[in-house]
$ cat run.txt   # compact mmCIF, C-alpha atoms
# COMPACT_ATOMS: atom_id res chain seq x y z
CA MET A 1 9.20 27.42 5.23
CA ASN A 2 5.93 28.04 3.41
CA TYR A 3 5.09 28.29 -0.24
CA THR A 4 4.80 31.78 -1.64
CA ALA A 5 1.41 31.82 -3.33
CA THR A 6 0.63 34.04 -6.30
CA ILE A 7 -3.12 34.28 -6.63
CA ALA A 8 -4.93 35.73 -9.63
CA ALA A 9 -7.67 38.32 -9.27
CA ASP A 10 -10.19 35.49 -9.25
CA PRO A 11 -8.73 32.88 -6.84
CA GLU A 12 -11.30 30.31 -7.97
CA THR A 13 -9.92 30.24 -11.50
CA SER A 14 -6.17 30.53 -11.08
CA ARG A 15 -3.63 29.81 -8.40
CA SER A 16 0.09 29.21 -8.76
CA LEU A 17 2.70 28.35 -6.18
CA ALA A 18 6.22 29.70 -6.48
CA GLY A 19 9.44 29.14 -4.63
CA PRO A 20 11.46 26.11 -3.57
CA LEU A 21 9.81 22.98 -2.31
CA PRO A 22 9.42 23.28 1.47
CA THR A 23 11.02 20.78 3.80
CA ASN A 24 8.89 18.79 6.19
CA ALA A 25 8.98 15.40 7.85
CA VAL A 26 6.69 13.76 5.28
CA LEU A 27 8.83 14.81 2.32
CA GLU A 28 12.03 13.90 4.14
CA ALA A 29 10.68 10.38 4.76
CA ILE A 30 9.69 9.95 1.11
CA LEU A 31 12.89 11.35 -0.35
CA SER A 32 15.20 9.39 1.96
CA ARG A 33 13.46 6.02 1.64
CA SER A 34 15.31 3.15 0.01
CA ALA A 35 14.73 -0.58 -0.16
CA ALA A 36 16.38 -2.27 2.82
CA LYS A 37 18.41 -5.41 2.29
CA TYR A 38 19.87 -5.84 5.74
CA TYR A 39 17.67 -6.06 8.83
CA ASP A 40 18.40 -6.42 12.52
CA SER A 41 17.30 -10.02 12.97
CA THR A 42 17.11 -9.60 16.75
CA ALA A 43 14.52 -6.82 16.55
CA THR A 44 10.78 -7.28 16.88
CA LEU A 45 7.67 -5.17 16.37
CA SER A 46 4.81 -5.31 18.83
CA ASP A 47 1.28 -6.25 17.83
CA ASP A 48 0.28 -2.61 18.33
CA HIS A 49 3.04 -1.36 16.04
CA ILE A 50 1.96 -3.82 13.35
CA ARG A 51 -1.68 -2.80 13.76
CA ASP A 52 -0.70 0.88 13.49
CA LEU A 53 1.18 0.27 10.25
CA VAL A 54 -1.81 -1.53 8.75
CA ARG A 55 -4.20 1.14 10.00
CA ILE A 56 -2.11 3.71 8.17
CA GLY A 57 -2.01 1.48 5.12
CA THR A 58 -5.79 1.35 5.04
CA SER A 59 -5.96 5.14 4.89
CA ALA A 60 -4.87 4.87 1.24
CA PRO A 61 -7.48 5.44 -1.48
CA THR A 62 -9.61 2.71 -3.05
CA SER A 63 -12.13 2.87 -5.86
CA PHE A 64 -15.68 3.49 -4.58
CA HIS A 65 -14.31 3.04 -1.05
CA LEU A 66 -14.18 -0.72 -1.68
CA GLN A 67 -11.20 -1.22 0.68
CA ASN A 68 -10.52 -4.43 -1.22
CA TRP A 69 -7.36 -5.51 0.56
CA ARG A 70 -6.10 -7.72 3.35
CA PHE A 71 -2.76 -7.97 5.14
CA ILE A 72 -1.13 -11.03 6.68
CA ALA A 73 1.65 -10.17 9.13
CA VAL A 74 4.17 -13.01 8.96
CA ARG A 75 6.26 -12.53 12.06
CA SER A 76 6.54 -15.79 14.03
CA PRO A 77 9.60 -17.98 13.33
CA GLN A 78 7.30 -20.78 12.23
CA ALA A 79 5.40 -18.64 9.74
CA LYS A 80 8.63 -17.12 8.41
CA ALA A 81 10.00 -20.64 7.87
CA ARG A 82 6.89 -21.46 5.83
CA LEU A 83 7.19 -18.33 3.72
CA ARG A 84 10.91 -18.16 2.98
CA PRO A 85 11.17 -21.26 0.72
CA ILE A 86 8.33 -19.99 -1.47
CA ALA A 87 9.78 -16.47 -1.56
CA TRP A 88 12.97 -17.31 -3.46
CA ASN A 89 14.70 -18.07 -0.14
CA GLN A 90 15.34 -14.36 0.39
CA PRO A 91 17.08 -13.73 3.76
CA ALA A 92 14.96 -10.66 4.53
CA ILE A 93 11.92 -12.90 4.97
CA THR A 94 13.37 -14.37 8.16
CA GLU A 95 15.57 -11.44 9.22
CA ALA A 96 13.00 -8.61 9.08
CA ALA A 97 10.75 -8.15 12.09
CA VAL A 98 7.66 -8.77 9.95
CA THR A 99 6.81 -9.59 6.36
CA PHE A 100 3.39 -8.49 5.21
CA ILE A 101 1.64 -10.49 2.54
CA ILE A 102 -0.14 -7.66 0.75
CA ILE A 103 -3.41 -9.04 -0.61
CA GLY A 104 -5.74 -7.44 -3.11
CA GLN A 105 -9.33 -8.65 -3.35
CA LEU A 106 -11.10 -8.73 -6.70
CA ALA A 107 -13.27 -5.63 -6.99
CA ASP A 108 -16.83 -6.57 -6.01
CA ALA A 109 -19.40 -3.82 -6.48
CA SER A 110 -21.96 -5.66 -4.33
CA THR A 111 -19.91 -4.66 -1.26
CA VAL A 112 -20.39 -0.93 -1.90
CA PRO A 113 -23.46 -0.51 0.39
CA GLU A 114 -21.67 -2.29 3.23
CA ARG A 115 -18.50 -0.25 2.77
CA LEU A 116 -20.41 3.02 2.62
CA ALA A 117 -22.65 2.33 5.63
CA PRO A 118 -20.11 3.74 8.14
CA VAL A 119 -19.61 6.76 5.87
CA VAL A 120 -23.34 7.46 5.99
CA GLU A 121 -23.46 6.83 9.73
CA ALA A 122 -20.63 9.32 10.25
CA GLY A 123 -22.63 11.98 8.43
CA ILE A 124 -20.13 12.28 5.60
CA MET A 125 -22.39 10.97 2.84
CA PRO A 126 -26.19 11.15 2.60
CA ALA A 127 -27.86 7.74 2.35
CA HIS A 128 -29.46 8.51 -1.00
CA MET A 129 -26.02 8.64 -2.62
CA VAL A 130 -25.19 5.00 -1.87
CA PRO A 131 -27.08 3.56 -4.88
CA GLU A 132 -25.63 6.39 -6.95
CA TRP A 133 -22.21 4.90 -6.21
CA GLU A 134 -23.20 1.25 -6.42
CA GLY A 135 -24.70 1.56 -9.91
CA PRO A 136 -21.55 2.93 -11.60
CA ALA A 137 -19.39 0.46 -9.65
CA ARG A 138 -21.45 -2.43 -11.00
CA GLY A 139 -21.17 -1.02 -14.49
CA LEU A 140 -17.41 -0.84 -14.09
CA TYR A 141 -16.69 -4.21 -12.47
CA ASP A 142 -19.55 -6.69 -12.93
CA ASN A 143 -18.55 -9.41 -15.41
CA GLN A 144 -15.19 -7.71 -15.96
CA PRO A 145 -12.59 -10.12 -14.50
CA GLN A 146 -9.55 -8.25 -15.78
CA ARG A 147 -10.82 -4.96 -14.40
CA GLN A 148 -11.61 -6.64 -11.07
CA ARG A 149 -8.06 -7.97 -10.87
CA ASP A 150 -6.52 -4.68 -11.94
CA GLU A 151 -8.37 -2.97 -9.09
CA ALA A 152 -7.16 -5.59 -6.62
CA VAL A 153 -3.57 -4.87 -7.60
CA ARG A 154 -4.08 -1.09 -7.52
CA SER A 155 -5.68 -1.09 -4.08
CA ALA A 156 -3.08 -3.40 -2.56
CA THR A 157 -0.26 -1.33 -4.02
CA PHE A 158 -1.67 1.92 -2.62
CA GLY A 159 -1.94 0.29 0.81
CA ALA A 160 1.60 -1.07 0.63
CA ALA A 161 2.98 2.34 -0.37
CA ALA A 162 1.35 3.97 2.65
CA ILE A 163 2.95 1.36 4.93
CA ILE A 164 6.35 1.87 3.27
CA TYR A 165 6.40 5.60 3.94
CA ALA A 166 4.90 5.24 7.40
CA ALA A 167 7.64 2.74 8.25
CA ARG A 168 10.31 5.13 7.01
CA SER A 169 8.88 7.97 9.10
CA LEU A 170 9.16 5.71 12.15
CA GLY A 171 12.81 4.87 11.46
CA LEU A 172 12.09 1.42 10.04
CA GLY A 173 13.34 -0.13 6.83
CA SER A 174 11.10 -1.80 4.28
CA THR A 175 11.38 -3.76 1.06
CA PRO A 176 8.56 -4.52 -1.39
CA MET A 177 9.12 -7.89 -3.08
CA ILE A 178 7.62 -9.63 -6.09
CA GLY A 179 10.04 -12.55 -5.86
CA PHE A 180 7.71 -15.29 -4.62
CA ASP A 181 5.58 -18.17 -5.87
CA ALA A 182 2.12 -16.64 -5.92
CA GLU A 183 0.29 -19.96 -6.17
CA ALA A 184 2.28 -21.42 -3.28
CA VAL A 185 1.68 -18.35 -1.10
CA HIS A 186 -2.01 -18.50 -1.94
CA LYS A 187 -2.20 -22.13 -0.84
CA GLU A 188 0.17 -22.02 2.14
CA PHE A 189 -1.53 -19.03 3.77
CA GLY A 190 -5.12 -19.91 2.94
CA LEU A 191 -6.08 -17.05 0.65
CA ALA A 192 -9.63 -17.00 -0.69
CA GLU A 193 -10.48 -17.51 -4.35
CA ASP A 194 -11.06 -13.79 -4.85
CA GLU A 195 -7.72 -12.80 -3.29
CA VAL A 196 -4.47 -12.01 -5.09
CA PRO A 197 -1.09 -11.97 -3.30
CA VAL A 198 0.18 -8.75 -4.87
CA MET A 199 3.52 -8.41 -3.10
CA LEU A 200 5.47 -9.17 0.03
CA LEU A 201 6.62 -6.26 2.18
CA THR A 202 9.34 -6.75 4.76
CA VAL A 203 9.48 -4.17 7.57
CA GLY A 204 11.78 -3.78 10.54
CA PRO A 205 14.75 -2.03 12.12
CA GLU A 206 17.75 -2.02 9.80
CA ARG A 207 21.37 -2.93 10.39
CA PRO A 208 24.30 -1.13 8.73
CA GLY A 209 25.07 -1.71 5.08
CA ASN A 210 21.93 -0.58 3.30
CA TRP A 211 22.30 1.81 0.39
CA PRO A 212 20.82 5.32 0.36
CA GLN A 213 18.10 6.13 -2.13
CA LYS A 214 19.36 5.59 -5.67
CA PRO A 215 19.27 8.47 -8.20
CA ARG A 216 16.11 8.66 -10.30
CA LEU A 217 15.50 9.67 -13.89
CA PRO A 218 15.36 13.45 -14.34
CA VAL A 219 11.88 14.90 -14.04
CA ALA A 220 12.31 16.37 -17.53
CA ASP A 221 12.52 12.80 -18.90
CA VAL A 222 9.27 11.63 -17.33
CA LEU A 223 7.07 14.73 -17.09
CA HIS A 224 5.20 16.27 -20.01
CA PHE A 225 2.71 19.09 -19.73
CA ALA A 226 -0.44 19.05 -21.83

$ encode --input "run.txt" --output "structure tokens"
Amino acid sequence: MNYTATIAADPETSRSLAGPLPTNAVLEAILSRSAAKYYDSTATLSDDHIRDLVRIGTSAPTSFHLQNWRFIAVRSPQAKARLRPIAWNQPAITEAAVTFIIIGQLADASTVPERLAPVVEAGIMPAHMVPEWEGPARGLYDNQPQRQRDEAVRSATFGAAAIIYAARSLGLGSTPMIGFDAEAVHKEFGLAEDEVPVMLLTVGPERPGNWPQKPRLPVADVLHFA
């Protein structure tokens, strides 16, 4: 089913979409997703499946194309045993096929030319625009530690969300977790000084017993038009 579009005489100035929200696989994955508690502990994900999930995660947006994130896939029994005690001993850490440590890196404007080089090479951006991006990025982040950290958390969260919905579309459960000792995770898994462990994200085939998606607040309670 397609939207019915009502277009004003000047389509550049006004366009409205009417009719019920269409159904498609993307929306079905989003609207049916729920946090998984119970995983099939016998299931595994291949290296290629894990790489694909991260590749999809890195398609999420980042400020100035910084791509200031990193992902550690904790999937061996030994690594899971290291993580579980510093993640509130949550069973999903060892039962899920993989637990991603979702890492945000402090926003560093000096990386803008490096990040944009492939964009220029691909013919998407002209080279003269690179300093036009780097300058504002430096103005935004240089000597602004709180802003740098905020951007690390934002970027990592966008990446995690993309993995969550990709996992759902592939029939996998997932659970974002903030129940962990950030300092211990930082030390145990060798994070750099400019890296923040933003969340843990368990992913894997589910076993029976998980709840469906819980009801949300009405849109009327959270949406205001201005």

$ closest_residue --input "run.txt" --among "A:Asn143, A:Thr111, A:Gln213, A:Gln90" --to "Phe180 (chain A)" --atoms "only C-alpha atoms"
A:Gln90

$ closest_residue --input "run.txt" --among "A:Arg168, A:Arg115, A:His224, A:Arg75" --to "Glu206 (chain A)" --atoms "all atoms listed in the file"
A:Arg168

$ atom_distance --input "run.txt" --atom1 "CA of Pro22 (chain A)" --atom2 "CA of Tyr165 (chain A)"
18.1 Å

$ residues_around --input "run.txt" --residues "Ile72 (chain A)" --least-positions-apart "2" --cutoff "10 Å" --atoms "all atoms listed in the file" --output "list of chain:residue names"
A:Val54, A:Arg70, A:Val74, A:Arg75, A:Val98, A:Thr99, A:Phe100, A:Ile101, A:Ile102, A:Ile103, A:Phe189, A:Leu191, A:Leu200

$ closest_residue --input "run.txt" --among "A:Gln105, A:Val219, A:Gly19, A:Ala92" --to "Pro145 (chain A)" --atoms "only C-alpha atoms"
A:Gln105

$ atom_distance --input "run.txt" --atom1 "CA of Glu114 (chain A)" --atom2 "CA of Ala137 (chain A)"
13.4 Å

$ closest_residue --input "run.txt" --among "A:Arg147, A:His128, A:Lys214, A:Arg207" --to "Tyr39 (chain A)" --atoms "all atoms listed in the file"
A:Arg207

$ atom_distance --input "run.txt" --atom1 "CA of Ile50 (chain A)" --atom2 "CA of Asp108 (chain A)"
27.1 Å

$ closest_residue --input "run.txt" --among "A:Glu195, A:Asp150, A:Asp48, A:Asp142" --to "Glu183 (chain A)" --atoms "only C-alpha atoms"
A:Glu195

$ residues_near_point --input "run.txt" --point "(12.3, 8.5, 2.8)" --cutoff "12 Å" --atoms "only C-alpha atoms" --output "number ranges by chain"
A: 24-36, 161-174, 212-214

$ residues_around --input "run.txt" --residues "Glu151 (chain A)" --least-positions-apart "5" --cutoff "12 Å" --atoms "all atoms listed in the file" --output "ChimeraX atom specification"
/A:61-69,103-109,137,140-141,144-146,156-158,194-196,198

$ axis_aligned_box --input "run.txt" --around "region 93-104 of chain A" --padding-each-side "4 Å" --output "lines of an AutoDock Vina configuration file"
center_x = 4.9
center_y = -10.9
center_z = 4.5
size_x = 29.3
size_y = 14.9
size_z = 23.2

$ residues_around --input "run.txt" --residues "Thr44 (chain A)" --least-positions-apart "4" --cutoff "10 Å" --atoms "all atoms listed in the file" --output "list in words"
Asp40, His49, Arg75, Ser76, Glu95, Ala96, Ala97, Val98, Val203, Gly204 and Pro205 of chain A

$ closest_residue --input "run.txt" --among "A:Pro118, A:Pro136, A:Gly179, A:Pro215" --to "Met199 (chain A)" --atoms "only C-alpha atoms"
A:Gly179

$ residues_around --input "run.txt" --residues "Pro85 (chain A)" --least-positions-apart "4" --cutoff "12 Å" --atoms "only C-alpha atoms" --output "PyMOL selection string"
chain A and resi 79-81+89-94+179-181+184-185+188
